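Peer 1: Sending over start_29.cif (mmCIF, N, CA and C atoms).
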```cif
data_input
#
loop_
_atom_site.label_atom_id
_atom_site.label_comp_id
_atom_site.auth_asym_id
_atom_site.auth_seq_id
_atom_site.Cartn_x
_atom_site.Cartn_y
_atom_site.Cartn_z
N MET A 1 107.28 62.77 86.22
CA MET A 1 106.13 63.65 86.14
C MET A 1 105.91 64.02 84.67
N SER A 2 104.67 64.16 84.28
CA SER A 2 104.35 64.49 82.89
C SER A 2 104.62 65.97 82.62
N ALA A 3 104.61 66.33 81.35
CA ALA A 3 104.83 67.72 80.96
C ALA A 3 103.73 68.61 81.54
N GLN A 4 102.51 68.11 81.53
CA GLN A 4 101.40 68.87 82.09
C GLN A 4 101.61 69.08 83.60
N GLY A 5 102.08 68.05 84.28
CA GLY A 5 102.37 68.14 85.71
C GLY A 5 103.47 69.15 86.00
N ASP A 6 104.51 69.15 85.14
CA ASP A 6 105.60 70.12 85.28
C ASP A 6 105.09 71.55 85.12
N ARG A 7 104.24 71.77 84.10
CA ARG A 7 103.69 73.11 83.88
C ARG A 7 102.82 73.54 85.05
N LEU A 8 102.02 72.62 85.57
CA LEU A 8 101.17 72.93 86.71
C LEU A 8 102.01 73.27 87.94
N LEU A 9 103.05 72.49 88.18
CA LEU A 9 103.94 72.75 89.31
C LEU A 9 104.60 74.12 89.18
N THR A 10 105.05 74.45 87.98
CA THR A 10 105.67 75.76 87.73
C THR A 10 104.67 76.88 88.00
N ALA A 11 103.44 76.71 87.54
CA ALA A 11 102.41 77.73 87.76
C ALA A 11 102.10 77.88 89.25
N ILE A 12 102.01 76.78 89.97
CA ILE A 12 101.73 76.83 91.40
C ILE A 12 102.87 77.52 92.14
N GLU A 13 104.10 77.19 91.80
CA GLU A 13 105.24 77.82 92.45
C GLU A 13 105.30 79.31 92.17
N ALA A 14 104.94 79.71 90.95
CA ALA A 14 104.91 81.14 90.61
C ALA A 14 103.83 81.85 91.42
N GLU A 15 102.69 81.21 91.58
CA GLU A 15 101.60 81.81 92.35
C GLU A 15 102.00 81.95 93.82
N ILE A 16 102.69 80.95 94.36
CA ILE A 16 103.17 81.02 95.74
C ILE A 16 104.12 82.21 95.90
N LYS A 17 104.99 82.41 94.92
CA LYS A 17 105.93 83.53 94.96
C LYS A 17 105.16 84.87 94.92
N ASN A 18 104.15 84.96 94.07
CA ASN A 18 103.34 86.17 93.99
C ASN A 18 102.64 86.45 95.31
N ILE A 19 102.12 85.41 95.94
CA ILE A 19 101.44 85.57 97.22
C ILE A 19 102.43 86.04 98.28
N SER A 20 103.64 85.53 98.27
CA SER A 20 104.66 85.97 99.23
C SER A 20 104.96 87.45 99.07
N LYS A 21 105.06 87.91 97.82
CA LYS A 21 105.29 89.33 97.56
C LYS A 21 104.12 90.17 98.07
N LEU A 22 102.90 89.70 97.83
CA LEU A 22 101.72 90.41 98.29
C LEU A 22 101.68 90.47 99.81
N GLU A 23 102.01 89.36 100.47
CA GLU A 23 102.06 89.33 101.93
C GLU A 23 103.05 90.36 102.46
N HIS A 24 104.20 90.47 101.80
CA HIS A 24 105.21 91.45 102.21
C HIS A 24 104.67 92.87 102.06
N THR A 25 104.04 93.15 100.94
CA THR A 25 103.47 94.48 100.69
C THR A 25 102.39 94.80 101.73
N LEU A 26 101.53 93.85 102.01
CA LEU A 26 100.47 94.07 103.00
C LEU A 26 101.04 94.30 104.39
N ALA A 27 102.06 93.53 104.77
CA ALA A 27 102.68 93.70 106.09
C ALA A 27 103.32 95.08 106.21
N ARG A 28 103.99 95.51 105.16
CA ARG A 28 104.62 96.84 105.16
C ARG A 28 103.57 97.92 105.25
N THR A 29 102.50 97.80 104.47
CA THR A 29 101.42 98.78 104.48
C THR A 29 100.77 98.84 105.86
N LYS A 30 100.56 97.69 106.46
CA LYS A 30 99.96 97.66 107.80
C LYS A 30 100.82 98.41 108.80
N LEU A 31 102.14 98.18 108.75
CA LEU A 31 103.06 98.86 109.66
C LEU A 31 103.00 100.38 109.47
N VAL A 32 103.02 100.83 108.22
CA VAL A 32 102.95 102.27 107.93
C VAL A 32 101.64 102.85 108.45
N LEU A 33 100.53 102.16 108.23
CA LEU A 33 99.23 102.64 108.70
C LEU A 33 99.19 102.71 110.23
N GLN A 34 99.77 101.73 110.90
CA GLN A 34 99.81 101.74 112.36
C GLN A 34 100.64 102.93 112.86
N GLU A 35 101.76 103.19 112.21
CA GLU A 35 102.60 104.33 112.60
C GLU A 35 101.86 105.65 112.41
N GLN A 36 101.16 105.78 111.29
CA GLN A 36 100.44 107.02 111.01
C GLN A 36 99.25 107.19 111.96
N ALA A 37 98.60 106.10 112.34
CA ALA A 37 97.51 106.18 113.31
C ALA A 37 98.04 106.69 114.65
N SER A 38 99.22 106.21 115.05
CA SER A 38 99.83 106.69 116.29
C SER A 38 100.14 108.18 116.20
N ARG A 39 100.67 108.61 115.07
CA ARG A 39 100.97 110.05 114.88
C ARG A 39 99.70 110.88 114.97
N LEU A 40 98.61 110.38 114.39
CA LEU A 40 97.34 111.12 114.48
C LEU A 40 96.88 111.24 115.93
N ARG A 41 96.98 110.14 116.67
CA ARG A 41 96.58 110.16 118.08
C ARG A 41 97.42 111.14 118.90
N LEU A 42 98.66 111.36 118.47
CA LEU A 42 99.55 112.29 119.17
C LEU A 42 99.37 113.73 118.71
N GLY A 43 98.45 113.94 117.76
CA GLY A 43 98.12 115.31 117.37
C GLY A 43 98.72 115.83 116.09
N THR A 44 99.34 114.97 115.30
CA THR A 44 99.90 115.40 114.02
C THR A 44 98.79 115.86 113.09
N ASN A 45 99.05 116.89 112.33
CA ASN A 45 98.09 117.45 111.38
C ASN A 45 97.66 116.35 110.39
N PRO A 46 96.35 116.14 110.24
CA PRO A 46 95.86 115.11 109.30
C PRO A 46 96.36 115.29 107.87
N GLU A 47 96.54 116.53 107.43
CA GLU A 47 97.03 116.75 106.07
C GLU A 47 98.45 116.21 105.91
N LEU A 48 99.27 116.35 106.96
CA LEU A 48 100.63 115.79 106.91
C LEU A 48 100.57 114.27 106.85
N ILE A 49 99.63 113.69 107.57
CA ILE A 49 99.47 112.23 107.55
C ILE A 49 99.07 111.77 106.15
N LEU A 50 98.09 112.45 105.55
CA LEU A 50 97.66 112.08 104.20
C LEU A 50 98.80 112.19 103.20
N THR A 51 99.58 113.26 103.31
CA THR A 51 100.71 113.43 102.40
C THR A 51 101.71 112.29 102.58
N SER A 52 101.99 111.97 103.82
CA SER A 52 102.91 110.86 104.10
C SER A 52 102.38 109.54 103.54
N LEU A 53 101.08 109.31 103.72
CA LEU A 53 100.49 108.08 103.20
C LEU A 53 100.54 108.01 101.68
N ARG A 54 100.32 109.15 101.04
CA ARG A 54 100.38 109.16 99.57
C ARG A 54 101.76 108.74 99.07
N LEU A 55 102.78 109.06 99.86
CA LEU A 55 104.15 108.75 99.44
C LEU A 55 104.62 107.37 99.86
N SER A 56 103.94 106.75 100.83
CA SER A 56 104.52 105.54 101.39
C SER A 56 103.66 104.28 101.33
N VAL A 57 102.43 104.39 100.89
CA VAL A 57 101.60 103.18 100.77
C VAL A 57 101.08 103.07 99.35
N PRO A 58 100.64 101.88 98.96
CA PRO A 58 100.12 101.71 97.60
C PRO A 58 98.98 102.70 97.30
N HIS A 59 98.95 103.13 96.07
CA HIS A 59 97.98 104.13 95.61
C HIS A 59 96.54 103.74 95.97
N GLU A 60 96.20 102.47 95.80
CA GLU A 60 94.83 102.02 96.06
C GLU A 60 94.46 102.22 97.53
N THR A 61 95.41 102.01 98.42
CA THR A 61 95.15 102.19 99.86
C THR A 61 94.89 103.65 100.16
N THR A 62 95.70 104.53 99.60
CA THR A 62 95.53 105.96 99.83
C THR A 62 94.17 106.43 99.31
N LEU A 63 93.79 105.98 98.11
CA LEU A 63 92.50 106.37 97.56
C LEU A 63 91.35 105.89 98.44
N ALA A 64 91.44 104.68 98.94
CA ALA A 64 90.40 104.14 99.80
C ALA A 64 90.27 104.97 101.08
N LEU A 65 91.40 105.37 101.65
CA LEU A 65 91.37 106.18 102.85
C LEU A 65 90.76 107.55 102.58
N ILE A 66 91.17 108.18 101.48
CA ILE A 66 90.65 109.50 101.15
C ILE A 66 89.14 109.44 100.94
N GLU A 67 88.66 108.43 100.24
CA GLU A 67 87.22 108.31 99.99
C GLU A 67 86.44 108.14 101.28
N ARG A 68 87.01 107.45 102.27
CA ARG A 68 86.33 107.28 103.55
C ARG A 68 86.31 108.57 104.35
N VAL A 69 87.40 109.34 104.27
CA VAL A 69 87.53 110.56 105.06
C VAL A 69 86.75 111.70 104.43
N ASP A 70 86.93 111.90 103.14
CA ASP A 70 86.31 113.05 102.48
C ASP A 70 86.09 112.74 101.00
N PRO A 71 84.89 112.26 100.66
CA PRO A 71 84.63 111.91 99.26
C PRO A 71 84.85 113.06 98.28
N VAL A 72 84.74 114.29 98.76
CA VAL A 72 84.94 115.44 97.89
C VAL A 72 86.40 115.52 97.43
N LEU A 73 87.33 115.08 98.29
CA LEU A 73 88.75 115.13 97.95
C LEU A 73 89.20 114.00 97.04
N SER A 74 88.40 112.94 96.98
CA SER A 74 88.82 111.80 96.18
C SER A 74 88.80 112.17 94.70
N PRO A 75 89.82 111.76 93.99
CA PRO A 75 89.89 112.12 92.56
C PRO A 75 88.77 111.45 91.78
N GLN A 76 88.23 112.18 90.86
CA GLN A 76 87.20 111.64 90.00
C GLN A 76 87.87 110.91 88.84
N VAL A 77 87.51 109.68 88.65
CA VAL A 77 88.08 108.89 87.57
C VAL A 77 87.19 109.06 86.35
N GLU A 78 87.81 109.57 85.29
CA GLU A 78 87.07 109.76 84.05
C GLU A 78 87.25 108.54 83.17
N PRO A 79 86.18 108.11 82.51
CA PRO A 79 86.31 106.95 81.64
C PRO A 79 87.24 107.23 80.47
N LEU A 80 87.95 106.20 80.04
CA LEU A 80 88.83 106.34 78.90
C LEU A 80 88.00 106.51 77.63
N PRO A 81 88.48 107.33 76.70
CA PRO A 81 87.74 107.49 75.45
C PRO A 81 87.69 106.18 74.68
N LYS A 82 86.54 105.91 74.09
CA LYS A 82 86.39 104.69 73.30
C LYS A 82 87.03 104.88 71.94
N LYS A 83 87.64 103.80 71.47
CA LYS A 83 88.32 103.86 70.15
C LYS A 83 87.36 103.53 69.04
#
```
How would this structure read if it were set down as structure tokens?
Peer 2:
Amino acid sequence: MSAQGDRLLTAIEAEIKNISKLEHTLARTKLVLQEQASRLRLGTNPELILTSLRLSVPHETTLALIERVDPVLSPQVEPLPKK
């Protein structure tokens, strides 16, 4: 195999590894969300659920949920100062 082929193979294998990590993260997040949905159905206080989600799922997922539930609670992102 040529050097270019070796580099391409290495890049493809690295991408496969990254995808596997992402799949693991998504599967874990899905499980946590399913558990919290069950707790909500059983009457757990929504604020406790949100707190639990903030601690146990990726930040982006929590922000997306908060924005859907109550846009007023979602943090306002301020632009970075220009240099």
Peer 1: May I ask for the distance between CA of Val57 in chain A and CA of Glu35 in chain A, given in Å to one decimal place?
Peer 2: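 It comes out at 11.9 Å.
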Peer 1: Considering only helix (DSSP H, G or I) as DSSP defines it on the backbone, what residues of chain A qualify? List them as a VMD selection string.
Peer 2: chain A and resid 3 to 41 46 to 56 59 to 69
Peer 1: Any idea what the distance is between CA of Leu55 in chain A and atom N of Asn18 in chain A?
Peer 2: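 So the answer is 24.4 Å.
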Peer 1: Any chance you could resolve the PyMOL selection byres (((chain A and resi 42-49 and name CA) around 12) and name CA) against this file and give the residues as a list of chain:residue names?
Peer 2: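 Selection result, ordered by chain and number: A:Val32, A:Leu33, A:Gln34, A:Glu35, A:Gln36, A:Ala37, A:Ser38, A:Arg39, A:Leu40, A:Arg41, A:Leu50, A:Thr51, A:Ser52, A:Leu53, A:Arg54, A:Leu55, A:Ser56, A:Val57, A:Thr62, A:Leu65, A:Ile66, A:Val69, A:Asp70, A:Leu73.
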Peer 1: Can you tell me how far CA of Lys30 in chain A sits from atom C of Pro58 in chain A, in Å to one decimal?
Peer 2: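 Calculated distance between CA of Lys30 in chain A and atom C of Pro58 in chain A is 11.7 Å.
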